[in-house]
$ cat start.cif   # mmCIF, C-alpha atoms
data_target
#
loop_
_atom_site.group_PDB
_atom_site.id
_atom_site.type_symbol
_atom_site.label_atom_id
_atom_site.label_comp_id
_atom_site.auth_asym_id
_atom_site.auth_seq_id
_atom_site.Cartn_x
_atom_site.Cartn_y
_atom_site.Cartn_z
ATOM 1 C CA MET C 2 -169.636 78.412 21.441
ATOM 2 C CA SER C 3 -169.894 76.437 24.623
ATOM 3 C CA PHE C 4 -170.725 79.659 26.529
ATOM 4 C CA PHE C 5 -173.807 80.326 24.381
ATOM 5 C CA LYS C 6 -174.860 76.698 24.678
ATOM 6 C CA PHE C 7 -174.638 76.994 28.485
ATOM 7 C CA ILE C 8 -176.697 80.230 28.591
ATOM 8 C CA PHE C 9 -179.512 78.682 26.572
ATOM 9 C CA SER C 10 -179.372 75.325 28.326
ATOM 10 C CA LYS C 11 -182.433 74.103 30.231
ATOM 11 C CA SER C 12 -180.651 73.858 33.621
ATOM 12 C CA PHE C 13 -179.295 77.462 33.423
ATOM 13 C CA LEU C 14 -182.711 78.904 32.499
ATOM 14 C CA ILE C 15 -184.375 77.026 35.383
ATOM 15 C CA GLN C 16 -181.740 78.323 37.817
ATOM 16 C CA LEU C 17 -182.117 81.884 36.448
ATOM 17 C CA GLY C 18 -185.912 81.713 36.822
ATOM 18 C CA LEU C 19 -185.617 80.437 40.399
ATOM 19 C CA ALA C 20 -183.155 83.253 41.243
ATOM 20 C CA ILE C 21 -185.530 85.900 39.835
ATOM 21 C CA VAL C 22 -188.490 84.439 41.777
ATOM 22 C CA ALA C 23 -186.344 84.347 44.959
ATOM 23 C CA ILE C 24 -185.311 87.994 44.517
ATOM 24 C CA PHE C 25 -188.908 89.135 44.004
ATOM 25 C CA LEU C 26 -190.091 87.046 46.957
ATOM 26 C CA PHE C 27 -187.287 88.428 49.171
ATOM 27 C CA CYS C 28 -188.121 92.036 48.162
ATOM 28 C CA PHE C 29 -191.865 91.502 48.673
ATOM 29 C CA LEU C 30 -191.395 89.959 52.134
ATOM 30 C CA GLY C 31 -188.801 92.591 53.065
ATOM 31 C CA LEU C 32 -191.177 95.437 52.179
ATOM 32 C CA LYS C 33 -194.058 93.793 54.089
ATOM 33 C CA TRP C 34 -191.837 93.325 57.148
ATOM 34 C CA MET C 35 -190.572 96.943 56.899
ATOM 35 C CA GLY C 36 -194.155 98.252 56.795
ATOM 36 C CA PHE C 37 -195.066 96.180 59.840
ATOM 37 C CA TYR C 38 -191.895 97.072 61.748
ATOM 38 C CA THR C 39 -192.215 100.828 61.119
ATOM 39 C CA LYS C 40 -195.994 100.765 61.796
ATOM 40 C CA HIS C 41 -196.612 102.234 58.374
ATOM 41 C CA SER C 42 -200.405 102.095 58.617
ATOM 42 C CA GLN C 43 -200.618 103.579 62.123
ATOM 43 C CA ARG C 44 -201.975 107.118 62.399
ATOM 44 C CA ILE C 45 -202.617 109.120 65.583
ATOM 45 C CA GLU C 46 -204.091 112.607 65.314
ATOM 46 C CA VAL C 47 -202.152 115.226 67.297
ATOM 47 C CA PRO C 48 -204.463 116.962 69.810
ATOM 48 C CA ASN C 49 -204.572 120.740 70.194
ATOM 49 C CA VAL C 50 -202.777 121.595 73.440
ATOM 50 C CA LYS C 51 -202.423 125.353 72.906
ATOM 51 C CA ARG C 52 -203.449 127.465 75.905
ATOM 52 C CA LEU C 53 -203.316 124.401 78.190
ATOM 53 C CA SER C 54 -201.049 124.147 81.209
ATOM 54 C CA VAL C 55 -198.073 121.786 80.982
ATOM 55 C CA GLU C 56 -199.783 119.201 83.232
ATOM 56 C CA LEU C 57 -202.983 119.128 81.145
ATOM 57 C CA ALA C 58 -200.986 118.957 77.911
ATOM 58 C CA LYS C 59 -198.958 116.049 79.296
ATOM 59 C CA LYS C 60 -202.143 114.131 80.176
ATOM 60 C CA SER C 61 -203.725 114.868 76.806
ATOM 61 C CA LEU C 62 -200.660 113.645 74.918
ATOM 62 C CA ALA C 63 -200.229 110.586 77.171
ATOM 63 C CA ASN C 64 -203.832 109.552 76.414
ATOM 64 C CA LYS C 65 -202.899 109.434 72.726
ATOM 65 C CA GLU C 66 -199.602 107.605 73.474
ATOM 66 C CA LEU C 67 -197.491 110.598 72.421
ATOM 67 C CA GLN C 68 -194.389 112.006 74.105
ATOM 68 C CA MET C 69 -193.755 115.680 74.837
ATOM 69 C CA ALA C 70 -190.606 117.751 74.769
ATOM 70 C CA ILE C 71 -190.679 121.249 76.246
ATOM 71 C CA GLN C 72 -188.956 124.128 74.518
ATOM 72 C CA ASP C 73 -188.696 127.189 76.735
ATOM 73 C CA SER C 74 -189.644 130.531 75.288
ATOM 74 C CA ALA C 75 -187.913 133.795 76.055
ATOM 75 C CA ASN C 76 -190.703 135.911 74.571
ATOM 76 C CA PHE C 77 -193.735 136.505 76.749
ATOM 77 C CA ASP C 78 -197.021 136.636 74.827
ATOM 78 C CA PRO C 79 -199.725 138.499 76.774
ATOM 79 C CA LYS C 80 -202.455 136.832 74.643
ATOM 80 C CA PHE C 81 -201.744 133.494 76.354
ATOM 81 C CA PRO C 82 -201.941 132.660 80.062
ATOM 82 C CA PRO C 83 -198.568 132.525 81.861
ATOM 83 C CA LEU C 84 -196.875 129.086 81.800
ATOM 84 C CA SER C 85 -199.250 127.767 79.140
ATOM 85 C CA ILE C 86 -198.497 126.245 75.734
ATOM 86 C CA ILE C 87 -198.195 128.896 72.998
ATOM 87 C CA ASP C 88 -197.024 126.672 70.141
ATOM 88 C CA GLN C 89 -196.664 123.010 69.246
ATOM 89 C CA ASN C 90 -194.830 121.088 66.554
ATOM 90 C CA PRO C 91 -196.283 119.105 64.768
ATOM 91 C CA LYS C 92 -199.448 121.194 64.652
ATOM 92 C CA ALA C 93 -202.815 119.972 65.928
ATOM 93 C CA GLY C 94 -204.599 117.678 63.509
ATOM 94 C CA ASN C 95 -201.439 116.225 61.926
ATOM 95 C CA LEU C 96 -201.193 112.447 61.795
ATOM 96 C CA VAL C 97 -198.186 110.883 63.546
ATOM 97 C CA LYS C 98 -197.059 107.496 64.844
ATOM 98 C CA GLU C 99 -197.149 106.195 68.396
ATOM 99 C CA ASN C 100 -194.535 107.621 70.825
ATOM 100 C CA ARG C 101 -193.802 110.587 68.546
ATOM 101 C CA LYS C 102 -192.369 113.605 70.382
ATOM 102 C CA ILE C 103 -194.525 116.712 70.266
ATOM 103 C CA TYR C 104 -192.399 119.819 70.843
ATOM 104 C CA LEU C 105 -194.140 122.425 73.010
ATOM 105 C CA THR C 106 -193.215 126.090 73.437
ATOM 106 C CA ILE C 107 -194.156 127.510 76.816
ATOM 107 C CA ASN C 108 -195.171 131.073 77.615
ATOM 108 C CA PRO C 109 -192.935 132.472 80.389
ATOM 109 C CA SER C 110 -194.516 133.691 83.613
ATOM 110 C CA GLY C 111 -193.945 137.306 82.613
ATOM 111 C CA TYR C 112 -191.787 139.680 80.685
ATOM 112 C CA ARG C 113 -188.090 139.437 81.379
ATOM 113 C CA LYS C 114 -186.228 142.186 83.183
ATOM 114 C CA VAL C 115 -184.014 144.495 81.158
ATOM 115 C CA LYS C 116 -181.406 147.048 82.171
ATOM 116 C CA ILE C 117 -182.258 150.727 82.258
ATOM 117 C CA PRO C 118 -180.099 152.452 79.622
ATOM 118 C CA ASP C 119 -178.107 155.574 80.448
ATOM 119 C CA VAL C 120 -180.332 158.306 79.028
ATOM 120 C CA ILE C 121 -179.675 160.861 81.785
ATOM 121 C CA GLN C 122 -178.559 164.201 80.282
ATOM 122 C CA LYS C 123 -179.828 163.116 76.857
ATOM 123 C CA THR C 124 -182.557 164.968 75.046
ATOM 124 C CA LEU C 125 -186.111 163.672 75.024
ATOM 125 C CA ARG C 126 -185.699 163.113 71.294
ATOM 126 C CA GLN C 127 -182.756 160.736 71.958
ATOM 127 C CA ALA C 128 -184.111 159.066 75.103
ATOM 128 C CA LYS C 129 -187.623 158.237 73.897
ATOM 129 C CA PRO C 130 -186.647 155.902 71.004
ATOM 130 C CA THR C 131 -183.924 154.271 73.127
ATOM 131 C CA LEU C 132 -186.408 153.421 75.889
ATOM 132 C CA LYS C 133 -189.072 152.255 73.416
ATOM 133 C CA ALA C 134 -186.585 150.055 71.513
ATOM 134 C CA ILE C 135 -185.769 148.182 74.709
ATOM 135 C CA GLY C 136 -189.483 147.648 75.369
ATOM 136 C CA PHE C 137 -190.426 150.302 77.909
ATOM 137 C CA ASN C 138 -193.514 152.479 77.672
ATOM 138 C CA ILE C 139 -193.140 156.227 78.167
ATOM 139 C CA GLY C 140 -195.357 157.533 80.935
ATOM 140 C CA LYS C 141 -195.785 161.022 82.385
ATOM 141 C CA LYS C 142 -193.394 163.809 81.495
ATOM 142 C CA THR C 143 -192.734 166.104 84.420
ATOM 143 C CA TYR C 144 -190.881 169.389 83.891
ATOM 144 C CA VAL C 145 -188.669 170.925 86.568
ATOM 145 C CA PRO C 146 -186.686 174.160 86.453
ATOM 146 C CA ASN C 147 -183.416 173.521 84.600
ATOM 147 C CA LEU C 148 -181.358 175.387 82.056
ATOM 148 C CA ALA C 149 -181.579 172.631 79.424
ATOM 149 C CA LYS C 150 -184.976 172.242 77.779
ATOM 150 C CA ASP C 151 -186.300 168.677 77.232
ATOM 151 C CA VAL C 152 -183.185 167.057 78.714
ATOM 152 C CA VAL C 153 -183.802 163.932 80.811
ATOM 153 C CA LEU C 154 -182.814 164.583 84.416
ATOM 154 C CA LYS C 155 -184.363 161.514 86.092
ATOM 155 C CA LEU C 156 -186.257 158.354 85.254
ATOM 156 C CA LYS C 157 -189.014 157.118 87.580
ATOM 157 C CA HIS C 158 -191.138 154.004 87.864
ATOM 158 C CA ASN C 159 -194.057 154.009 90.321
ATOM 159 C CA GLY C 160 -192.524 157.030 92.060
ATOM 160 C CA LYS C 161 -189.123 155.360 92.566
ATOM 161 C CA VAL C 162 -186.100 156.992 90.925
ATOM 162 C CA LEU C 163 -184.265 154.668 88.549
ATOM 163 C CA LYS C 164 -180.534 154.618 87.890
ATOM 164 C CA PRO C 165 -178.867 153.399 84.694
ATOM 165 C CA GLY C 166 -178.251 149.656 84.997
ATOM 166 C CA ASP C 167 -181.239 148.969 87.270
ATOM 167 C CA LEU C 168 -183.395 146.051 86.161
ATOM 168 C CA LEU C 169 -187.020 146.665 85.280
ATOM 169 C CA MET C 170 -189.654 144.416 83.738
ATOM 170 C CA LYS C 171 -190.030 144.864 79.984
ATOM 171 C CA THR C 172 -193.180 146.868 78.988
ATOM 172 C CA SER C 173 -193.057 148.775 82.298
ATOM 173 C CA THR C 174 -194.007 152.433 82.182
ATOM 174 C CA VAL C 175 -191.121 154.839 82.770
ATOM 175 C CA ASP C 176 -191.907 158.423 83.783
ATOM 176 C CA LEU C 177 -189.482 161.135 82.654
ATOM 177 C CA VAL C 178 -188.351 164.170 84.620
ATOM 178 C CA LEU C 179 -187.247 166.802 82.095
ATOM 179 C CA GLY C 180 -185.721 170.246 82.234
ATOM 180 C CA ASP C 181 -188.060 173.102 81.256
ATOM 181 C CA GLY C 182 -185.329 175.509 80.018
ATOM 182 C CA THR C 183 -186.231 178.373 82.380
ATOM 183 C CA GLN C 184 -183.302 178.638 84.742
#

$ encode --input "start.cif" --output "structure tokens"
Amino acid sequence: MSFFKFIFSKSFLIQLGLAIVAIFLFCFLGLKWMGFYTKHSQRIEVPNVKRLSVELAKKSLANKELQMAIQDSANFDPKFPPLSIIDQNPKAGNLVKENRKIYLTINPSGYRKVKIPDVIQKTLRQAKPTLKAIGFNIGKKTYVPNLAKDVVLKLKHNGKVLKPGDLLMKTSTVDLVLGDGTQ
């Protein structure tokens, strides 16, 4: 019975009350300090830097005390100027804290170069989807005397004959020289 007498004694209840007050006070002060330390109430609106050059975007973000991190893009978007910002994360208008990194995706200076596939001696029906799948546009079709009808004999770009493996800018127009089936 001495245990129950101790639990209900005046000195134990005072000590228990002081411990509970100390715990609540410690938690309250800890949460206030955490909010101050993490700048919980600070909000900076992310500016829209799409279509801006890297230098202008850097200045715009620096004015708002934000950092930038550049992510290169392999896909050229003709709707945006070359070497401009085509995407940003977080998006414009979001609220962030000071020194937050804003990740920027940059539009390359142009389409990348791709290899010319080996479509020589293939039919037009085989060559056309192969060239289009890689990203080339089909230009003029010129027919020359040859025994095989609609077979690709040569590929040309701006009058220059192309060989399989040559590099050409994606979305370039490739002219086809085909057999007419008359020989």

$ resolve_selection --input "start.cif" --expression "the PyMOL selection byres ((chain C and resi 158) around 7)" --output "count of residues only"
9

$ closest_residue --input "start.cif" --among "C:Leu53, C:Leu30, C:Lys171, C:Asn64" --to "C:Asn76" --atoms "all atoms listed in the file"
C:Lys171

$ closest_residue --input "start.cif" --among "C:Val153, C:Val50, C:Val55, C:Ile21" --to "C:Pro91" --atoms "all atoms listed in the file"
C:Val50

$ closest_residue --input "start.cif" --among "C:Ala128, C:Val120, C:Val115, C:Leu57" --to "C:Met170" --atoms "all atoms listed in the file"
C:Val115

$ resolve_selection --input "start.cif" --expression "the PyMOL selection byres ((chain C and resi 54) around 9)" --output "PyMOL selection string"
chain C and resi 50-53+55-59+82-86+107

$ atom_distance --input "start.cif" --atom1 "atom CA of C:Thr131" --atom2 "atom CA of C:Arg113"
17.5 Å

$ closest_residue --input "start.cif" --among "C:Glu99, C:Asn147, C:Gly180, C:Asn90" --to "C:Lys40" --atoms "all atoms listed in the file"
C:Glu99

$ residues_around --input "start.cif" --residues "C:His41" --least-positions-apart "4" --cutoff "12 Å" --atoms "all atoms listed in the file" --output "PyMOL selection string"
chain C and resi 32-37+45+96-99

$ resolve_selection --input "start.cif" --expression "the PyMOL selection byres ((chain C and resi 62) around 10)" --output "PyMOL selection string"
chain C and resi 47-50+57-61+63-69+100-103

$ closest_residue --input "start.cif" --among "C:Asn108, C:Gln122, C:Ser173, C:Gln89" --to "C:Phe137" --atoms "only C-alpha atoms"
C:Ser173

$ atom_distance --input "start.cif" --atom1 "atom CA of C:Leu177" --atom2 "atom CA of C:Lys114"
19.2 Å

$ atom_distance --input "start.cif" --atom1 "atom CA of C:Leu179" --atom2 "atom CA of C:Lys123"
9.8 Å

$ closest_residue --input "start.cif" --among "C:Ile71, C:Ile8, C:Val178, C:Leu14" --to "C:Leu125" --atoms "all atoms listed in the file"
C:Val178

$ residues_around --input "start.cif" --residues "C:Thr183" --least-positions-apart "2" --cutoff "8 Å" --atoms "only C-alpha atoms" --output "list in words"
Pro146, Asn147, Leu148, Ala149, Lys150 and Asp181 of chain C
